[in-house]
$ cat work-v4.txt   # compact mmCIF, C-alpha atoms
# COMPACT_ATOMS: atom_id res chain seq x y z
CA MET A 1 99.65 98.61 79.55
CA CYS A 2 98.36 95.08 79.90
CA LEU A 3 96.27 95.38 76.80
CA ALA A 4 96.94 92.34 74.65
CA ILE A 5 94.89 90.46 72.11
CA PRO A 6 95.30 87.08 70.40
CA GLY A 7 96.32 86.91 66.75
CA GLU A 8 97.22 84.13 64.32
CA ILE A 9 100.81 83.53 63.15
CA VAL A 10 100.91 83.55 59.34
CA ASP A 11 104.67 83.34 58.87
CA VAL A 12 107.97 83.46 60.77
CA SER A 13 111.27 85.20 60.01
CA GLU A 14 114.43 86.52 61.63
CA GLN A 15 115.28 90.19 62.10
CA HIS A 16 118.32 91.69 63.87
CA GLY A 17 119.14 88.23 65.26
CA MET A 18 115.70 87.74 66.83
CA LYS A 19 112.82 85.45 65.88
CA PHE A 20 109.80 87.35 64.49
CA ALA A 21 106.36 86.41 63.21
CA ARG A 22 103.79 88.08 61.01
CA VAL A 23 100.61 87.96 63.10
CA GLN A 24 97.10 88.61 61.85
CA PHE A 25 94.41 90.25 64.03
CA GLY A 26 91.21 90.37 62.00
CA GLY A 27 92.12 92.62 59.10
CA ILE A 28 95.38 93.94 60.55
CA THR A 29 98.82 92.31 60.29
CA ARG A 30 101.79 93.17 62.53
CA GLN A 31 105.37 92.04 62.91
CA VAL A 32 105.69 90.50 66.37
CA CYS A 33 108.81 89.41 68.24
CA LEU A 34 108.63 85.69 68.99
CA GLU A 35 111.68 85.43 71.29
CA TYR A 36 109.50 84.58 74.31
CA GLN A 37 107.40 82.02 72.42
CA PRO A 38 110.06 80.30 70.29
CA ALA A 39 108.01 77.11 69.89
CA ALA A 40 105.05 78.97 68.38
CA LYS A 41 104.45 78.12 64.73
CA VAL A 42 102.31 79.14 61.76
CA GLY A 43 98.64 78.63 62.62
CA ASP A 44 99.15 79.13 66.38
CA PHE A 45 97.39 81.95 68.18
CA VAL A 46 99.63 84.13 70.30
CA LEU A 47 98.79 86.88 72.76
CA VAL A 48 100.59 90.05 71.65
CA HIS A 49 101.56 92.91 73.95
CA VAL A 50 103.58 95.93 72.74
CA GLY A 51 104.97 94.00 69.78
CA PHE A 52 105.89 90.79 71.63
CA ALA A 53 104.16 87.40 71.81
CA ILE A 54 103.83 86.80 75.55
CA ALA A 55 101.82 83.58 75.52
CA THR A 56 100.47 80.97 73.09
CA VAL A 57 96.75 80.18 73.39
CA ASP A 58 96.33 76.60 74.57
CA ARG A 59 93.50 75.47 72.31
CA GLU A 60 92.76 72.26 74.22
CA GLU A 61 92.57 74.16 77.49
CA ALA A 62 90.37 76.81 75.86
CA ALA A 63 87.97 74.13 74.56
CA ARG A 64 87.94 72.36 77.94
CA GLN A 65 87.21 75.59 79.84
CA TRP A 66 84.49 76.53 77.35
CA GLU A 67 82.73 73.20 78.06
CA ILE A 68 82.87 73.88 81.80
CA LEU A 69 81.45 77.34 81.15
CA ARG A 70 78.46 75.98 79.26
CA GLU A 71 77.82 73.57 82.15
CA LEU A 72 77.89 76.54 84.56
CA GLY A 73 75.30 78.20 82.35
CA GLU A 74 73.06 75.15 82.53
CA GLU A 75 72.98 75.47 86.30
CA ALA A 76 71.44 78.94 85.93
CA MET B 1 88.14 87.02 65.75
CA LYS B 2 88.97 83.67 67.23
CA PHE B 3 89.66 83.44 70.97
CA LEU B 4 88.13 86.89 71.35
CA ASP B 5 84.57 86.95 69.97
CA GLU B 6 83.38 83.90 71.87
CA TYR B 7 84.43 85.57 75.14
CA ARG B 8 82.17 88.50 74.28
CA ASP B 9 79.14 86.29 73.64
CA ALA B 10 76.05 87.97 75.10
CA ASP B 11 74.25 84.71 75.97
CA ALA B 12 77.23 83.35 77.89
CA VAL B 13 77.51 86.68 79.74
CA ALA B 14 73.80 86.67 80.63
CA GLU B 15 74.00 83.08 81.90
CA LEU B 16 76.99 83.89 84.10
CA ALA B 17 75.23 86.97 85.50
CA GLU B 18 72.22 84.81 86.37
CA THR B 19 74.41 82.17 88.07
CA ILE B 20 76.08 84.92 90.09
CA ARG B 21 72.69 86.25 91.21
CA LYS B 22 71.71 82.77 92.38
CA THR B 23 74.99 82.25 94.24
CA VAL B 24 75.12 85.45 96.29
CA THR B 25 73.60 85.32 99.79
CA ARG B 26 75.36 88.30 101.43
CA PRO B 27 77.50 91.39 100.57
CA HIS B 28 80.96 90.96 99.05
CA VAL B 29 83.67 93.43 98.00
CA ILE B 30 85.89 92.31 95.13
CA MET B 31 88.77 94.24 93.59
CA GLU B 32 89.90 93.85 90.02
CA VAL B 33 93.55 94.84 90.01
CA CYS B 34 94.12 95.60 86.36
CA GLY B 35 93.09 98.86 84.67
CA GLY B 36 92.33 96.92 81.49
CA GLN B 37 89.86 94.82 83.48
CA THR B 38 88.27 98.01 84.90
CA HIS B 39 87.76 99.42 81.42
CA SER B 40 86.24 96.18 80.15
CA ILE B 41 83.87 95.97 83.13
CA LEU B 42 82.63 99.49 82.52
CA ARG B 43 82.58 99.27 78.73
CA TYR B 44 80.40 96.14 78.75
CA GLY B 45 78.33 97.31 81.76
CA LEU B 46 79.26 94.21 83.75
CA ASP B 47 79.04 96.13 87.03
CA ARG B 48 75.39 96.86 86.27
CA MET B 49 74.65 93.16 85.70
CA LEU B 50 75.75 92.21 89.21
CA PRO B 51 73.37 92.01 92.15
CA PRO B 52 73.60 94.99 94.56
CA ASP B 53 75.33 92.80 97.18
CA VAL B 54 78.42 92.50 94.97
CA GLU B 55 80.61 95.60 94.97
CA LEU B 56 83.46 95.86 92.47
CA VAL B 57 86.29 98.10 93.61
CA HIS B 58 88.92 99.26 91.14
CA GLY B 59 92.58 98.68 91.86
CA PRO B 60 95.87 100.44 91.03
CA GLY B 61 96.59 98.41 87.92
CA CYS B 62 97.21 101.37 85.68
CA PRO B 63 100.97 101.79 85.20
CA VAL B 64 100.64 105.24 83.66
CA CYS B 65 98.55 106.32 86.67
CA VAL B 66 101.03 105.08 89.29
CA THR B 67 104.26 106.31 87.70
CA ALA B 68 105.78 108.67 90.29
CA LEU B 69 105.40 112.37 89.58
CA GLU B 70 109.15 112.78 89.97
CA THR B 71 109.69 110.23 87.17
CA ILE B 72 107.22 112.08 84.93
CA ASP B 73 109.04 115.35 85.61
CA ARG B 74 112.38 113.65 84.92
CA ALA B 75 110.99 112.36 81.60
CA HIS B 76 109.88 115.87 80.68
CA ALA B 77 113.32 117.29 81.49
CA ILE B 78 115.02 114.67 79.28
CA ALA B 79 112.52 115.24 76.46
CA GLN B 80 113.48 118.91 76.32
CA ARG B 81 117.13 118.15 75.48
CA PRO B 82 117.74 119.10 71.83
CA GLU B 83 119.72 115.95 71.07
CA VAL B 84 116.98 113.67 72.38
CA ILE B 85 114.22 111.86 70.47
CA PHE B 86 111.89 111.01 73.35
CA THR B 87 109.66 108.01 72.68
CA SER B 88 106.71 106.79 74.69
CA PHE B 89 103.43 104.90 74.60
CA GLY B 90 100.59 107.16 73.52
CA ASP B 91 98.73 107.83 76.72
CA MET B 92 101.83 109.06 78.53
CA LEU B 93 101.78 112.14 76.30
CA ARG B 94 98.89 113.73 78.16
CA VAL B 95 99.81 112.82 81.73
CA PRO B 96 100.28 116.05 83.63
CA GLY B 97 103.61 116.56 85.36
CA THR B 98 104.38 119.50 87.63
CA HIS B 99 104.80 121.72 84.56
CA GLY B 100 102.51 120.51 81.79
CA ASP B 101 102.70 117.37 79.67
CA LEU B 102 104.78 115.85 76.84
CA LEU B 103 102.26 117.04 74.26
CA ALA B 104 102.82 120.64 75.33
CA LEU B 105 106.58 120.12 75.17
CA ARG B 106 106.21 118.77 71.64
CA ALA B 107 104.21 121.86 70.69
CA ARG B 108 107.15 123.93 71.92
CA GLY B 109 109.65 122.04 69.77
CA ALA B 110 110.67 118.93 71.74
CA ASP B 111 111.05 115.80 69.58
CA VAL B 112 108.49 113.55 71.26
CA ARG B 113 107.22 110.51 69.35
CA VAL B 114 104.58 107.91 70.12
CA VAL B 115 105.60 104.29 69.61
CA TYR B 116 103.63 101.06 69.87
CA SER B 117 106.59 98.94 70.98
CA PRO B 118 110.02 99.58 72.56
CA LEU B 119 111.42 97.87 69.45
CA ASP B 120 110.15 100.85 67.43
CA ALA B 121 112.29 103.10 69.62
CA LEU B 122 115.27 100.83 69.01
CA ALA B 123 114.67 101.10 65.25
CA LEU B 124 114.66 104.90 65.59
CA ALA B 125 118.05 104.72 67.32
CA ARG B 126 119.50 102.62 64.48
CA ALA B 127 118.08 105.07 61.93
CA ASN B 128 119.23 108.23 63.74
CA PRO B 129 122.85 107.66 64.90
CA ASP B 130 123.37 111.38 65.58
CA ARG B 131 120.48 111.59 68.07
CA GLN B 132 119.96 110.16 71.54
CA VAL B 133 116.82 108.03 71.55
CA VAL B 134 115.21 107.58 74.94
CA PHE B 135 112.27 105.23 75.57
CA PHE B 136 109.94 105.78 78.52
CA GLY B 137 109.74 102.24 79.85
CA ILE B 138 106.77 102.20 82.18
CA GLY B 139 104.52 99.24 82.88
CA PHE B 140 103.79 96.27 85.07
CA GLU B 141 105.45 92.88 84.78
CA THR B 142 103.58 92.35 81.48
CA THR B 143 105.70 94.96 79.72
CA ALA B 144 108.99 94.21 81.47
CA PRO B 145 109.97 91.35 79.11
CA ALA B 146 109.51 93.59 76.07
CA ASN B 147 111.71 96.25 77.65
CA ALA B 148 114.21 93.61 78.74
CA MET B 149 114.54 92.15 75.22
CA THR B 150 114.96 95.65 73.82
CA LEU B 151 117.83 96.38 76.21
CA ILE B 152 119.38 92.97 75.49
CA ALA B 153 119.28 93.80 71.77
CA ALA B 154 120.68 97.32 72.33
CA ARG B 155 123.61 95.91 74.31
CA ARG B 156 124.24 93.11 71.82
CA GLU B 157 124.28 95.58 68.91
CA GLY B 158 126.53 97.97 70.83
CA LEU B 159 124.21 100.93 70.28
CA THR B 160 125.58 104.07 71.92
CA ASN B 161 122.52 106.23 71.32
CA PHE B 162 119.68 104.24 72.88
CA SER B 163 118.57 104.34 76.52
CA MET B 164 115.50 103.64 78.56
CA LEU B 165 113.92 105.54 81.42
CA ALA B 166 112.60 102.45 83.16
CA SER B 167 109.91 102.69 85.78
CA HIS B 168 108.29 99.32 86.29
CA VAL B 169 105.89 98.47 89.10
CA LEU B 170 104.95 95.05 90.46
CA VAL B 171 101.47 93.81 91.35
CA PRO B 172 101.90 91.44 94.34
CA PRO B 173 103.45 94.10 96.64
CA ALA B 174 100.61 96.47 95.72
CA ILE B 175 98.04 93.84 96.70
CA ALA B 176 99.89 93.30 99.98
CA SER B 177 99.91 97.06 100.60
CA ILE B 178 96.14 97.28 100.03
CA LEU B 179 95.48 94.32 102.33
CA GLN B 180 97.71 95.80 105.06
CA SER B 181 95.87 99.11 105.00
CA SER B 182 93.67 99.80 108.05
CA ASP B 183 90.75 100.99 105.89
CA ASN B 184 90.83 97.98 103.54
CA ARG B 185 87.41 96.61 102.56
CA VAL B 186 88.53 94.25 99.78
CA GLN B 187 87.68 90.59 100.46
CA ALA B 188 88.74 88.95 97.17
CA PHE B 189 90.74 89.81 94.07
CA LEU B 190 90.48 89.27 90.35
CA GLY B 191 94.17 88.71 89.62
CA PRO B 192 95.91 90.29 86.62
CA GLY B 193 95.72 87.81 83.73
CA HIS B 194 98.47 89.17 81.51
CA VAL B 195 100.89 89.90 84.35
CA CYS B 196 100.45 86.25 85.37
CA ALA B 197 101.01 85.04 81.81
CA ILE B 198 104.55 86.37 82.37
CA THR B 199 105.20 85.80 86.08
CA GLY B 200 103.00 82.80 86.81
CA PHE B 201 100.88 82.93 89.95
CA ARG B 202 102.99 81.46 92.76
CA ALA B 203 103.34 84.91 94.38
CA TYR B 204 99.54 85.11 94.52
CA THR B 205 99.33 81.71 96.22
CA SER B 206 101.46 83.18 99.04
CA LEU B 207 99.25 86.27 99.27
CA ALA B 208 96.03 84.21 99.37
CA ALA B 209 97.44 82.08 102.19
CA ARG B 210 98.97 84.93 104.23
CA TYR B 211 95.98 87.27 104.08
CA ARG B 212 93.23 84.66 103.66
CA VAL B 213 91.73 86.15 100.50
CA PRO B 214 90.54 84.37 97.36
CA ILE B 215 92.47 85.42 94.26
CA VAL B 216 91.08 84.37 90.89
CA ILE B 217 93.45 84.90 87.96
CA THR B 218 91.15 86.47 85.37
CA GLY B 219 91.24 87.57 81.74
CA PHE B 220 89.85 90.72 80.16
CA GLU B 221 86.82 89.85 78.08
CA PRO B 222 83.27 89.95 79.51
CA VAL B 223 82.92 86.16 79.80
CA ASP B 224 86.34 85.92 81.49
CA LEU B 225 85.53 88.72 83.94
CA LEU B 226 82.14 87.39 85.02
CA ARG B 227 83.59 83.93 85.38
CA GLY B 228 86.29 85.40 87.62
CA VAL B 229 83.64 87.18 89.69
CA LEU B 230 81.58 83.99 89.99
CA LEU B 231 84.54 81.92 91.17
CA ALA B 232 85.53 84.61 93.68
CA ILE B 233 81.97 84.76 95.04
CA ARG B 234 81.77 80.99 95.33
CA GLN B 235 84.95 81.02 97.45
CA LEU B 236 83.69 83.90 99.59
CA GLU B 237 80.34 82.17 100.14
CA ARG B 238 81.99 78.96 101.32
CA GLY B 239 84.83 80.68 103.22
CA SER B 240 87.76 79.42 101.18
CA ALA B 241 90.83 81.49 100.25
CA THR B 242 92.88 80.02 97.44
CA VAL B 243 94.25 80.97 94.04
CA GLU B 244 92.24 79.78 91.04
CA ASN B 245 93.35 80.15 87.46
CA ALA B 246 90.33 81.25 85.44
CA TYR B 247 92.49 82.25 82.46
CA SER B 248 94.12 78.89 81.86
CA ARG B 249 94.05 79.15 78.05
CA THR B 250 96.79 81.78 78.50
CA VAL B 251 98.25 81.47 82.00
CA GLU B 252 100.31 78.64 83.46
CA GLU B 253 101.41 78.43 87.09
CA GLY B 254 105.06 79.00 86.17
CA GLY B 255 104.29 81.77 83.66
CA SER B 256 106.84 82.27 80.89
CA PRO B 257 110.28 80.98 81.98
CA ALA B 258 112.04 82.78 79.10
CA ALA B 259 110.44 86.11 80.01
CA ARG B 260 111.25 85.65 83.70
CA ALA B 261 114.87 84.86 82.87
CA ALA B 262 115.22 88.00 80.73
CA ILE B 263 113.68 90.13 83.50
CA ALA B 264 116.10 88.65 86.06
CA ASP B 265 119.03 89.48 83.78
CA VAL B 266 118.05 93.04 82.91
CA PHE B 267 116.30 94.34 86.04
CA ASP B 268 116.87 94.51 89.80
CA VAL B 269 113.96 94.67 92.26
CA ILE B 270 113.88 97.94 94.22
CA ASP B 271 111.55 99.92 96.47
CA ARG B 272 109.30 102.26 94.48
CA ASN B 273 107.11 105.29 95.02
CA TRP B 274 103.62 104.84 93.54
CA ARG B 275 101.93 108.07 92.53
CA GLY B 276 98.98 108.69 94.82
CA ILE B 277 99.84 105.75 97.07
CA GLY B 278 103.34 106.28 98.38
CA ALA B 279 106.37 104.05 98.86
CA ILE B 280 105.84 100.30 98.56
CA PRO B 281 108.90 98.14 99.38
CA LYS B 282 110.34 95.89 96.65
CA SER B 283 107.63 96.96 94.25
CA GLY B 284 109.62 98.12 91.24
CA TYR B 285 112.35 97.31 88.75
CA ARG B 286 115.48 99.29 87.98
CA ILE B 287 117.89 98.56 85.14
CA SER B 288 120.74 96.33 86.38
CA ASP B 289 124.42 97.28 86.25
CA ARG B 290 125.09 95.09 83.21
CA TYR B 291 122.87 97.39 81.15
CA ARG B 292 123.89 100.73 82.72
CA ALA B 293 125.08 102.03 79.35
CA HIS B 294 121.39 102.14 78.37
CA ASP B 295 119.96 103.54 81.60
CA ALA B 296 118.60 107.03 80.96
CA ASP B 297 118.51 107.69 84.72
CA ILE B 298 122.31 107.44 84.75
CA ILE B 299 123.05 109.00 81.36
CA PHE B 300 121.00 112.18 81.80
CA ASP B 301 121.67 114.44 84.75
CA VAL B 302 118.56 116.58 84.99
CA GLY B 303 119.30 118.03 88.41
CA ALA B 304 116.97 118.17 91.40
CA ILE B 305 113.26 117.74 90.69
CA ALA B 306 110.71 119.59 92.86
CA THR B 307 107.25 118.10 92.33
CA ARG B 308 103.81 119.50 93.05
CA GLU B 309 100.48 117.67 92.62
CA PRO B 310 97.23 119.55 91.89
CA GLU B 311 95.33 119.85 95.20
CA ALA B 312 91.96 118.85 93.82
CA CYS B 313 93.12 115.47 92.50
CA ILE B 314 92.11 112.40 94.57
CA ALA B 315 93.69 109.84 92.20
CA GLY B 316 95.46 108.11 95.09
CA LEU B 317 92.18 107.33 96.85
CA VAL B 318 90.72 106.08 93.54
CA LEU B 319 93.75 103.86 92.88
CA ARG B 320 93.44 102.22 96.29
CA GLY B 321 89.72 101.63 95.80
CA VAL B 322 88.79 103.93 98.72
CA LYS B 323 86.86 106.37 96.54
CA LYS B 324 85.18 106.06 93.15
CA PRO B 325 85.93 108.62 90.41
CA CYS B 326 82.41 110.05 90.63
CA ASP B 327 83.03 110.82 94.33
CA CYS B 328 85.57 113.44 93.27
CA PRO B 329 84.28 117.04 93.25
CA ALA B 330 86.44 117.80 90.20
CA PHE B 331 85.19 114.80 88.17
CA GLY B 332 83.57 115.95 84.94
CA ARG B 333 84.00 119.59 85.95
CA SER B 334 87.57 120.91 86.12
CA CYS B 335 88.86 117.38 85.41
CA THR B 336 87.96 115.76 82.07
CA PRO B 337 89.95 113.80 79.49
CA ALA B 338 90.54 117.07 77.63
CA THR B 339 91.73 118.88 80.79
CA PRO B 340 92.97 116.15 83.15
CA LEU B 341 94.15 116.96 86.68
CA GLY B 342 95.61 113.52 87.25
CA ALA B 343 96.82 110.46 85.40
CA THR B 344 93.71 108.39 86.15
CA MET B 345 91.72 110.66 83.82
CA VAL B 346 94.31 110.33 81.05
CA SER B 347 95.25 106.72 80.75
CA ALA B 348 93.48 104.06 78.70
CA GLU B 349 93.60 102.03 81.90
CA GLY B 350 92.67 104.81 84.35
CA ALA B 351 89.47 104.43 86.38
CA CYS B 352 88.47 108.10 86.05
CA ALA B 353 88.77 107.97 82.25
CA ALA B 354 86.71 104.74 82.23
CA TYR B 355 83.96 106.31 84.35
CA TYR B 356 83.93 109.42 82.16
CA GLN B 357 83.85 107.51 78.87
CA HIS B 358 81.13 105.14 80.05
CA ARG B 359 79.07 107.78 81.82
CA ARG B 360 79.18 106.58 85.39
CA THR B 361 78.02 109.42 87.55
CA ALA B 362 77.24 107.29 90.63
$ encode --input "work-v4.txt" --output "structure tokens"
Amino acid sequence: MCLAIPGEIVDVSEQHGMKFARVQFGGITRQVCLEYQPAAKVGDFVLVHVGFAIATVDREEAARQWEILRELGEEA
Amino acid sequence: MKFLDEYRDADAVAELAETIRKTVTRPHVIMEVCGGQTHSILRYGLDRMLPPDVELVHGPGCPVCVTALETIDRAHAIAQRPEVIFTSFGDMLRVPGTHGDLLALRARGADVRVVYSPLDALALARANPDRQVVFFGIGFETTAPANAMTLIAARREGLTNFSMLASHVLVPPAIASILQSSDNRVQAFLGPGHVCAITGFRAYTSLAARYRVPIVITGFEPVDLLRGVLLAIRQLERGSATVENAYSRTVEEGGSPAARAAIADVFDVIDRNWRGIGAIPKSGYRISDRYRAHDADIIFDVGAIATREPEACIAGLVLRGVKKPCDCPAFGRSCTPATPLGATMVSAEGACAAYYQHRRTA
């Protein structure tokens, strides 16, 4: 069950003593537990697996890797 | 969708495929561990874009597929108890045990419910104080933190009617087991991206060094997968054997410290039996003593379980990458998603289901 996709945090709240976020994936919104990504904030993209944010997308790293990828393509 | 669509870009995929073709000078065998990666490869036809010298072999990264038959039968026995609301992820419902599946039990009156998250099962327990809610907690290390947090919450709230039948499996021991096998042909691995988001990849550094195999931590989208294949091939071509992180927008070397701490609190590492593969030492999690009040294995005494696998099913050989699903005489005949003989034809991450859905007959 390693299926997980990135979604955008649109707001944060607390439920049953745990930090939660409302996360948007395209047209769908879900409540996601943020206990493992407590520093994540509105506007961040988190990777969500079975109702939990398991990682925050590192935008700088994503941009950097994308540049490297385009360079790889130019070698082709 | 941001951070998804760009990794499905057809031009980027085509460029990577071309670079791979130009890099390969001899045959290579690469295994992608994760069932989600297998499905993506087949869905996007990435295997067909690779030159014939590159063989992709599918690994045992399907937690539903490798859950021991005895555990499945135990789950079925618990689900039949009248006081129990048995909750599970969707694809577990159609996994055949020795005597049918959860869907059949539901048809005969068992209260079996599909949930998306273990927190949904916890909510059911709060809402139904007169019933025993049991959650079937299967999965790799990716899912363990979710199950851990759920048990932490159950204990904190003092719930007396929530328990978990936990059956986690761990990836690094499975890779070691494959590499130790006398008929192993795998020369490099695409490491499991979401498992590593949780655990980090230090365990894979040890494996790469001990067995001298390249391991490239890889994501799940077409661009990610072909990039992982390219990096693995580059290492194989030049004879190096290290860990590379090709999913660095999500994975850090140390993983998620909070998730690892919760796992260490809630679970103990134990030996586990993998369906179709056999016993692998220190390859599973069991609920620790602190959380025994929520351990369904302890709470429910279901007696001795006698298991029996269907003879025609070769799921074990498929899970170890020794055979492909289309090599199986039952594939597409007596075994289909509608009438599965084994878990690999049922699960969203099973190789046989992937081959069937994406019409791979050879």
$ closest_residue --input "work-v4.txt" --among "B:Leu165, B:Val266, B:Ala348, B:Pro222" --to "B:Glu6" --atoms "all atoms listed in the file"
B:Pro222
$ interface_residues --input "work-v4.txt" --of "chain B" --to "chain A" --cutoff "9 Å" --atoms "only C-alpha atoms" --output "ChimeraX atom specification"
/B:1-4,12,14-20,22,34-36,61-64,89,116-120,138-143,145-146,149,153,157,192-195,197-198,220,227,246-251,255-259,348-349
$ atom_distance --input "work-v4.txt" --atom1 "atom CA of B:Arg106" --atom2 "atom CA of B:Ala75"
12.8 Å
$ atom_distance --input "work-v4.txt" --atom1 "atom CA of B:Leu236" --atom2 "atom CA of B:Ile277"
27.3 Å
$ atom_distance --input "work-v4.txt" --atom1 "atom CA of B:Val134" --atom2 "atom CA of B:Ala279"
25.7 Å
$ residues_around --input "work-v4.txt" --residues "B:Arg94" --least-positions-apart "2" --cutoff "12 Å" --atoms "only C-alpha atoms" --output "NGL selection string"
:B and (64-65 or 72 or 76 or 88-92 or 96-97 or 99-106 or 112 or 114 or 336-348)
$ residues_around --input "work-v4.txt" --residues "A:Phe20" --least-positions-apart "5" --cutoff "7 Å" --atoms "only C-alpha atoms" --output "PyMOL selection string"
chain A and resi 12-15+31-34
$ write_last_selection --input "work-v4.txt" --atoms "C-alpha atoms" --output "mmCIF file, keeping the file's coordinate frame"
data_model
loop_
_atom_site.group_PDB
_atom_site.id
_atom_site.type_symbol
_atom_site.label_atom_id
_atom_site.label_comp_id
_atom_site.auth_asym_id
_atom_site.auth_seq_id
_atom_site.Cartn_x
_atom_site.Cartn_y
_atom_site.Cartn_z
ATOM 1 C CA VAL A 12 107.970 83.460 60.770
ATOM 2 C CA SER A 13 111.270 85.200 60.010
ATOM 3 C CA GLU A 14 114.430 86.520 61.630
ATOM 4 C CA GLN A 15 115.280 90.190 62.100
ATOM 5 C CA GLN A 31 105.370 92.040 62.910
ATOM 6 C CA VAL A 32 105.690 90.500 66.370
ATOM 7 C CA CYS A 33 108.810 89.410 68.240
ATOM 8 C CA LEU A 34 108.630 85.690 68.990
#
$ closest_residue --input "work-v4.txt" --among "B:Arg359, B:Arg74, B:His39, B:Arg26" --to "B:Ser167" --atoms "all atoms listed in the file"
B:Arg74
$ residues_near_point --input "work-v4.txt" --point "(87.6, 114.2, 90.3)" --cutoff "8 Å" --atoms "all atoms listed in the file" --output "ChimeraX atom specification"
/B:312-315,325-335,341,352
$ residues_near_point --input "work-v4.txt" --point "(101.6, 87.1, 59.1)" --cutoff "6 Å" --atoms "all atoms listed in the file" --output "CSV table (one decimal) with C-alpha atoms, in the frame of the given file"
chain,number,residue,atom,x,y,z
A,9,ILE,CA,100.8,83.5,63.2
A,10,VAL,CA,100.9,83.6,59.3
A,11,ASP,CA,104.7,83.3,58.9
A,22,ARG,CA,103.8,88.1,61.0
A,23,VAL,CA,100.6,88.0,63.1
A,24,GLN,CA,97.1,88.6,61.8
